[in-house]
Structure formats: structure tokens, C-alpha cells
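J.: File protein.cif follows (mmCIF, C-alpha atoms):
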data_my_file
loop_
_atom_site.label_atom_id
_atom_site.label_comp_id
_atom_site.auth_asym_id
_atom_site.auth_seq_id
_atom_site.Cartn_x
_atom_site.Cartn_y
_atom_site.Cartn_z
CA MET L 804 96.83 101.45 124.14
CA THR L 805 96.33 104.80 122.50
CA ILE L 806 94.08 105.83 119.70
CA THR L 807 95.59 107.10 116.46
CA LEU L 808 93.54 109.35 114.19
CA ARG L 809 94.37 109.78 110.52
CA HIS L 810 92.73 110.81 107.28
CA ALA L 811 91.19 107.83 105.52
CA THR L 812 92.42 106.54 102.19
CA SER L 813 90.58 104.59 99.53
CA ASP L 814 92.09 101.42 101.03
CA ASP L 815 90.03 102.01 104.21
CA LEU L 816 86.58 102.23 102.64
CA MET L 817 85.49 98.57 102.76
CA ALA L 818 86.57 98.35 106.42
CA VAL L 819 84.76 101.62 107.16
CA GLY L 820 81.61 100.12 105.60
CA GLY L 821 81.83 97.00 107.77
CA LEU L 822 82.38 99.06 110.90
CA HIS L 823 79.49 101.36 109.95
CA GLN L 824 77.14 98.41 109.60
CA ARG L 825 78.18 96.86 112.95
CA SER L 826 77.91 100.22 114.69
CA ARG L 827 74.41 100.87 113.33
CA VAL L 828 73.13 97.48 114.46
CA ALA L 829 74.60 97.88 117.96
CA ALA L 830 73.45 101.48 118.40
CA TYR L 831 69.97 101.24 116.88
CA SER L 832 68.77 97.74 117.79
CA SER L 833 67.11 98.92 121.00
CA PHE L 834 64.63 101.12 119.09
CA LEU L 835 64.54 99.84 115.49
CA ALA L 836 63.13 96.52 114.31
CA PRO L 837 65.62 93.88 113.09
CA GLU L 838 64.31 94.14 109.52
CA ALA L 839 65.28 97.83 109.47
CA LEU L 840 68.86 96.88 110.32
CA ALA L 841 69.18 93.74 108.18
CA GLU L 842 70.26 95.72 105.13
CA PRO L 843 72.61 96.96 103.96
CA THR L 844 75.19 94.29 104.61
CA ALA L 845 78.75 95.15 105.60
CA GLU L 846 79.89 94.61 102.01
CA ALA L 847 77.12 96.85 100.66
CA MET L 848 78.09 99.54 103.17
CA GLY L 849 81.68 99.30 101.92
CA ARG L 850 80.48 99.83 98.35
CA TYR L 851 78.36 102.77 99.58
CA TRP L 852 81.45 104.41 101.13
CA ALA L 853 83.52 103.76 98.00
CA GLU L 854 80.85 105.46 95.88
CA ARG L 855 80.40 108.35 98.32
CA TRP L 856 84.19 108.85 98.51
CA THR L 857 84.30 109.19 94.71
CA TRP L 858 81.97 112.18 94.77
CA GLU L 859 82.77 113.82 98.11
CA ARG L 860 86.47 113.36 98.87
CA ASP L 861 87.33 116.92 97.81
CA SER L 862 84.69 118.58 100.00
CA HIS L 863 84.42 116.13 102.93
CA LEU L 864 86.82 114.64 105.47
CA LEU L 865 86.76 111.00 106.53
CA THR L 866 88.90 110.40 109.61
CA VAL L 867 89.57 106.93 110.95
CA ALA L 868 90.52 105.92 114.49
CA GLU L 869 92.86 102.99 115.02
CA ARG L 870 93.76 101.14 118.18
CA ASN L 871 96.87 98.97 117.83
CA GLY L 872 96.63 99.28 114.04
CA ARG L 873 92.99 98.11 113.92
CA LEU L 874 90.17 100.34 112.66
CA VAL L 875 87.84 101.05 115.61
CA GLY L 876 85.95 104.20 114.59
CA PHE L 877 85.49 106.98 112.08
CA SER L 878 84.05 110.46 111.66
CA TYR L 879 82.82 112.14 108.51
CA LEU L 880 82.27 115.86 108.01
CA GLY L 881 81.52 118.29 105.23
CA PRO L 882 79.50 121.34 104.29
CA ASP L 883 76.10 121.81 105.90
CA ASP L 884 73.06 120.40 104.09
CA GLU L 885 71.29 123.72 104.60
CA ASP L 886 73.73 125.56 102.29
CA ASP L 887 74.90 127.77 105.13
CA PRO L 888 78.53 128.58 104.27
CA SER L 889 79.37 129.36 107.92
CA THR L 890 78.25 125.92 109.18
CA GLY L 891 79.88 122.53 108.82
CA LEU L 892 77.99 119.26 109.17
CA LEU L 893 79.24 116.35 111.26
CA ASN L 894 77.70 113.58 109.17
CA ALA L 895 78.79 110.67 111.34
CA ILE L 896 80.74 109.29 114.22
CA HIS L 897 80.64 105.50 114.34
CA LEU L 898 82.51 103.10 116.60
CA GLU L 899 83.04 99.40 116.90
CA PRO L 900 80.54 98.35 119.59
CA ASN L 901 83.29 97.44 122.09
CA GLU L 902 84.86 100.91 121.74
CA ARG L 903 81.96 102.71 123.40
CA GLY L 904 83.01 104.42 126.62
CA ARG L 905 86.75 104.24 125.85
CA GLY L 906 87.23 107.85 124.69
CA THR L 907 87.39 107.06 120.98
CA GLY L 908 84.16 108.86 120.11
CA ARG L 909 85.25 111.91 122.10
CA ALA L 910 88.64 111.96 120.33
CA LEU L 911 86.88 111.79 116.95
CA MET L 912 84.47 114.58 117.94
CA VAL L 913 87.25 116.89 119.22
CA ASN L 914 89.22 116.22 116.04
CA ALA L 915 86.18 116.90 113.83
CA LEU L 916 85.45 120.19 115.59
CA ALA L 917 89.07 121.30 115.12
CA ALA L 918 88.88 120.36 111.42
CA MET L 919 85.68 122.37 111.05
CA ARG L 920 87.31 125.42 112.67
CA ALA L 921 90.30 125.01 110.34
CA ARG L 922 87.90 125.11 107.37
CA GLY L 923 86.61 128.47 108.58
CA TRP L 924 83.20 127.35 109.75
CA ARG L 925 81.77 129.18 112.76
CA ARG L 926 79.05 126.66 113.66
CA ALA L 927 78.76 122.90 113.58
CA ALA L 928 75.56 120.93 112.99
CA LEU L 929 74.58 117.28 113.03
CA TRP L 930 71.51 115.05 112.80
CA VAL L 931 70.90 112.34 115.38
CA LEU L 932 68.13 109.74 115.55
CA ARG L 933 65.56 110.81 118.13
CA GLY L 934 65.50 107.29 119.59
CA ASN L 935 69.28 107.16 120.02
CA THR L 936 69.40 108.50 123.57
CA ALA L 937 73.01 107.36 124.10
CA ALA L 938 74.22 109.40 121.12
CA ARG L 939 72.09 112.37 122.13
CA GLY L 940 73.66 112.31 125.60
CA PHE L 941 77.14 112.00 124.08
CA TYR L 942 76.62 115.05 121.88
CA GLU L 943 74.98 117.09 124.64
CA ARG L 944 77.99 116.40 126.90
CA GLY L 945 80.12 117.69 124.01
CA GLY L 946 78.35 121.05 123.96
CA TRP L 947 75.78 120.36 121.25
CA THR L 948 72.18 121.54 121.73
CA PRO L 949 69.00 120.57 119.87
CA THR L 950 67.68 123.29 117.59
CA GLY L 951 64.07 122.09 117.52
CA VAL L 952 64.33 121.20 113.82
CA GLU L 953 63.33 117.64 112.93
CA ARG L 954 63.29 115.50 109.80
CA ASP L 955 62.31 111.96 108.89
CA GLU L 956 64.67 109.63 107.03
CA PHE L 957 64.47 105.95 106.14
CA ILE L 958 66.64 103.27 107.66
CA GLY L 959 65.63 100.23 105.69
CA PRO L 960 61.81 100.21 105.67
CA ALA L 961 61.58 102.24 108.91
CA ILE L 962 60.95 105.96 109.00
CA THR L 963 63.27 107.38 111.65
CA PRO L 964 62.75 110.82 113.19
CA GLN L 965 65.96 112.80 113.45
CA LEU L 966 66.81 115.88 115.51
CA ARG L 967 69.18 118.63 114.44
CA TYR L 968 71.85 119.68 116.93
CA GLU L 969 74.23 122.61 116.67
CA ARG L 970 77.10 124.19 118.56
CA PRO L 971 79.44 127.12 118.09
CA LEU L 972 82.97 126.48 116.95
#
What would the structure in this file look like if it were written as C-alpha cells?

T.:
Amino acid sequence: MTITLRHATSDDLMAVGGLHQRSRVAAYSSFLAPEALAEPTAEAMGRYWAERWTWERDSHLLTVAERNGRLVGFSYLGPDDEDDPSTGLLNAIHLEPNERGRGTGRALMVNALAAMRARGWRRAALWVLRGNTAARGFYERGGWTPTGVERDEFIGPAITPQLRYERPL
């Protein structure tokens, strides 16, 4: 049972939204309160991705992972938020909860790094929730290091501290 990676199409966006919502709940429930994860719903996340796709599809890349024809993960990358033209930003890697530890996340990360190199970026950056120790370990095993830069973002009503990680390409 191999993983297939492909560029997403507009037909994938509602399924990507549902997967994103399930992934967030599974990954963040150990350190965020249930009310922070209650919204948005899977349908609302699908609408979010459809809207985002409208504005970003020319500058960003949404890659989906399928196992036996079923969507099981995705990655999303684009230009860095810091307006550094030599750095690409890995905005997301999300997996169906039962895909963790099966190599899908690693395949998406390797693919995203190759896509960033192909776009001419020399560095890659990402933001990860400080409380998400599993994701932090995953990225550190992939060669990412924390930069010491932090920011706070909302997930629902909860302020969530995030750490910036970078790595050379």
C-alpha cells in the first residue's frame, strides 16, 4: 500500500478541509481546550480552503497524499511571510490521525522541500505550535531547527504560541 502524491485540484478542497479539521483535533487536543477545537467544522474548513485556493493557487502549492485512492494527508507551501525572496514557507502538513507514523508526513515533507528547491528558494521556514511536541520532534528529525522567533496566533478563542523553524534547502 503505497502513498501517491499529486498536486491538488479544486475538486479536492472540501476533502482537504475535512482532513484538516480532523488532523487539528487529533494533534492539538492534548494541549488545547475542546472549545478551541470545536470550530471551524469540517465543512467550514472546506470553504476556507476553497477561498484560500482562489487567492493563492498561483503562488502556493497544495499537494495531497492518497493511499489506495483515499486522501490521507496534504502539504501546503508558498512564499515566506517575512517577504524574504530566498525563503519558502511550509504552511502545513496535515494527516488523517491514523496515518501518523506510516511515512506519509515524511513523504510530504521531502516532496515539499524538493518543490521549494525547484522554485529557487535557498531556505525553508515553518511555524509550529509550541505545545505540539510531536510535530516539533518530526520537524527536528527532518533537519529543521528553531530560530528563537515566536508569535502568538488564535485557534478559536485560544491564543497559541508558535515557534519559527528553518532549514537550508

J.: Could you please give me, as a list in words, the residues of protein, DNA or RNA lying at most 9 Å from (79.0, 131.0, 109.3) in the coordinate frame of the file, considering all atoms listed in the file?

T.: Asp887, Pro888, Ser889, Thr890, Gly891, Gly923, Trp924, Arg925 and Arg926 of chain L

J.: Keeping only C-alpha atoms, write the selected residues to a file as a PDB file, in the coordinates of the input.

T.:
ATOM      1  CA  ASP L 887      74.900 127.770 105.130  1.00  0.00           C
ATOM      2  CA  PRO L 888      78.530 128.580 104.270  1.00  0.00           C
ATOM      3  CA  SER L 889      79.370 129.360 107.920  1.00  0.00           C
ATOM      4  CA  THR L 890      78.250 125.920 109.180  1.00  0.00           C
ATOM      5  CA  GLY L 891      79.880 122.530 108.820  1.00  0.00           C
ATOM      6  CA  GLY L 923      86.610 128.470 108.580  1.00  0.00           C
ATOM      7  CA  TRP L 924      83.200 127.350 109.750  1.00  0.00           C
ATOM      8  CA  ARG L 925      81.770 129.180 112.760  1.00  0.00           C
ATOM      9  CA  ARG L 926      79.050 126.660 113.660  1.00  0.00           C
TER      10      ARG L 926
END

J.: Counting only C-alpha atoms, select every polymer residue within 12 Å of (87.6, 111.1, 118.9) as defined in the file's coordinates, and provide the selection as a PyMOL selection string.

T.: chain L and resi 805-809+866-870+875-879+895-898+902-918+941+945

J.: Keeping only C-alpha atoms, write those residues as a PDB file, in the frame of the given file.

T.:
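Result went into selection_10.pdb, see below:
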ATOM      1  CA  THR L 805      96.330 104.800 122.500  1.00  0.00           C
ATOM      2  CA  ILE L 806      94.080 105.830 119.700  1.00  0.00           C
ATOM      3  CA  THR L 807      95.590 107.100 116.460  1.00  0.00           C
ATOM      4  CA  LEU L 808      93.540 109.350 114.190  1.00  0.00           C
ATOM      5  CA  ARG L 809      94.370 109.780 110.520  1.00  0.00           C
ATOM      6  CA  THR L 866      88.900 110.400 109.610  1.00  0.00           C
ATOM      7  CA  VAL L 867      89.570 106.930 110.950  1.00  0.00           C
ATOM      8  CA  ALA L 868      90.520 105.920 114.490  1.00  0.00           C
ATOM      9  CA  GLU L 869      92.860 102.990 115.020  1.00  0.00           C
ATOM     10  CA  ARG L 870      93.760 101.140 118.180  1.00  0.00           C
ATOM     11  CA  VAL L 875      87.840 101.050 115.610  1.00  0.00           C
ATOM     12  CA  GLY L 876      85.950 104.200 114.590  1.00  0.00           C
ATOM     13  CA  PHE L 877      85.490 106.980 112.080  1.00  0.00           C
ATOM     14  CA  SER L 878      84.050 110.460 111.660  1.00  0.00           C
ATOM     15  CA  TYR L 879      82.820 112.140 108.510  1.00  0.00           C
ATOM     16  CA  ALA L 895      78.790 110.670 111.340  1.00  0.00           C
ATOM     17  CA  ILE L 896      80.740 109.290 114.220  1.00  0.00           C
ATOM     18  CA  HIS L 897      80.640 105.500 114.340  1.00  0.00           C
ATOM     19  CA  LEU L 898      82.510 103.100 116.600  1.00  0.00           C
ATOM     20  CA  GLU L 902      84.860 100.910 121.740  1.00  0.00           C
ATOM     21  CA  ARG L 903      81.960 102.710 123.400  1.00  0.00           C
ATOM     22  CA  GLY L 904      83.010 104.420 126.620  1.00  0.00           C
ATOM     23  CA  ARG L 905      86.750 104.240 125.850  1.00  0.00           C
ATOM     24  CA  GLY L 906      87.230 107.850 124.690  1.00  0.00           C
ATOM     25  CA  THR L 907      87.390 107.060 120.980  1.00  0.00           C
ATOM     26  CA  GLY L 908      84.160 108.860 120.110  1.00  0.00           C
ATOM     27  CA  ARG L 909      85.250 111.910 122.100  1.00  0.00           C
ATOM     28  CA  ALA L 910      88.640 111.960 120.330  1.00  0.00           C
ATOM     29  CA  LEU L 911      86.880 111.790 116.950  1.00  0.00           C
ATOM     30  CA  MET L 912      84.470 114.580 117.940  1.00  0.00           C
ATOM     31  CA  VAL L 913      87.250 116.890 119.220  1.00  0.00           C
ATOM     32  CA  ASN L 914      89.220 116.220 116.040  1.00  0.00           C
ATOM     33  CA  ALA L 915      86.180 116.900 113.830  1.00  0.00           C
ATOM     34  CA  LEU L 916      85.450 120.190 115.590  1.00  0.00           C
ATOM     35  CA  ALA L 917      89.070 121.300 115.120  1.00  0.00           C
ATOM     36  CA  ALA L 918      88.880 120.360 111.420  1.00  0.00           C
ATOM     37  CA  PHE L 941      77.140 112.000 124.080  1.00  0.00           C
ATOM     38  CA  GLY L 945      80.120 117.690 124.010  1.00  0.00           C
TER      39      GLY L 945
END

J.: Which value, in Å to one decimal, gives the distance between atom CA of Pro964 of chain L and atom CA of Thr857 of chain L?

T.: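 These atoms are spaced 28.4 Å apart.
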
J.: For segment 836-852 of chain L, find every residue with an atom within 9 Å (counting only C-alpha atoms), except residues of its own chain fewer than 6 positions away, and show them as an MDAnalysis selection string.

T.: chainID L and resid 816:825 827:828 957:961

J.: Could you tell me how far atom CA of Glu953 of chain L lies from atom CA of Arg922 of chain L, in Å and to one decimal?

T.: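 One can read the atom CA of Glu953 of chain L to atom CA of Arg922 of chain L distance as 26.3 Å.
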
J.: Mind giving me the straight-line distance from atom CA of Leu865 of chain L to atom CA of Ala938 of chain L in Å, one decimal?

T.: 19.3 Å

J.: For this structure, which residues satisfy the selection - the PyMOL selection byres ((chain L and resi 936) around 12) - when it is evaluated on the file as given? I want them as a JSON list (two decimals) with C-alpha atoms, keeping the file's coordinate frame.

T.:
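What ended up in out_39.json:
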[["chain", "number", "residue", "atom", "x", "y", "z"],
["L", 830, "ALA", "CA", 73.45, 101.48, 118.40],
["L", 831, "TYR", "CA", 69.97, 101.24, 116.88],
["L", 833, "SER", "CA", 67.11, 98.92, 121.00],
["L", 834, "PHE", "CA", 64.63, 101.12, 119.09],
["L", 931, "VAL", "CA", 70.90, 112.34, 115.38],
["L", 932, "LEU", "CA", 68.13, 109.74, 115.55],
["L", 933, "ARG", "CA", 65.56, 110.81, 118.13],
["L", 934, "GLY", "CA", 65.50, 107.29, 119.59],
["L", 935, "ASN", "CA", 69.28, 107.16, 120.02],
["L", 937, "ALA", "CA", 73.01, 107.36, 124.10],
["L", 938, "ALA", "CA", 74.22, 109.40, 121.12],
["L", 939, "ARG", "CA", 72.09, 112.37, 122.13],
["L", 940, "GLY", "CA", 73.66, 112.31, 125.60],
["L", 941, "PHE", "CA", 77.14, 112.00, 124.08],
["L", 942, "TYR", "CA", 76.62, 115.05, 121.88],
["L", 943, "GLU", "CA", 74.98, 117.09, 124.64],
["L", 965, "GLN", "CA", 65.96, 112.80, 113.45],
["L", 966, "LEU", "CA", 66.81, 115.88, 115.51]]

J.: Grab all the atoms of segment 882-890 of chain L that the file lists, wrap them in a box along x, y and z, add 6 Å per side, and give me centre plus edge lengths in Å (one decimal) as JSON.

T.:
{"center_x": 75.4, "center_y": 124.9, "center_z": 105.7, "size_x": 20.2, "size_y": 21.0, "size_z": 18.9}

J.: Taking only C-alpha atoms into account, which of L:Ala811, L:Trp930, L:Ser862, L:Leu880 comes nearest Thr963 of chain L?

T.: L:Trp930

J.: Quick one: of L:Ile962, L:Tyr968, L:Arg860, L:Pro949, who's nearest to Leu929 of chain L, counting all atoms listed in the file?

T.: L:Tyr968

J.: Pick from L:His810, L:Glu969, L:Arg954, L:Glu899: nearest to Leu874 of chain L, with only C-alpha atoms counted?

T.: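 Closest to Leu874 of chain L, using only C-alpha atoms: L:Glu899.
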
J.: Compare L:Pro900, L:Ser826, L:Thr812, L:Leu893 by their minimum atom-to-atom distance to Arg967 of chain L, counting all atoms listed in the file, and give me the closest one.

T.: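 Answer, going by the shortest atom-to-atom distance: L:Leu893.
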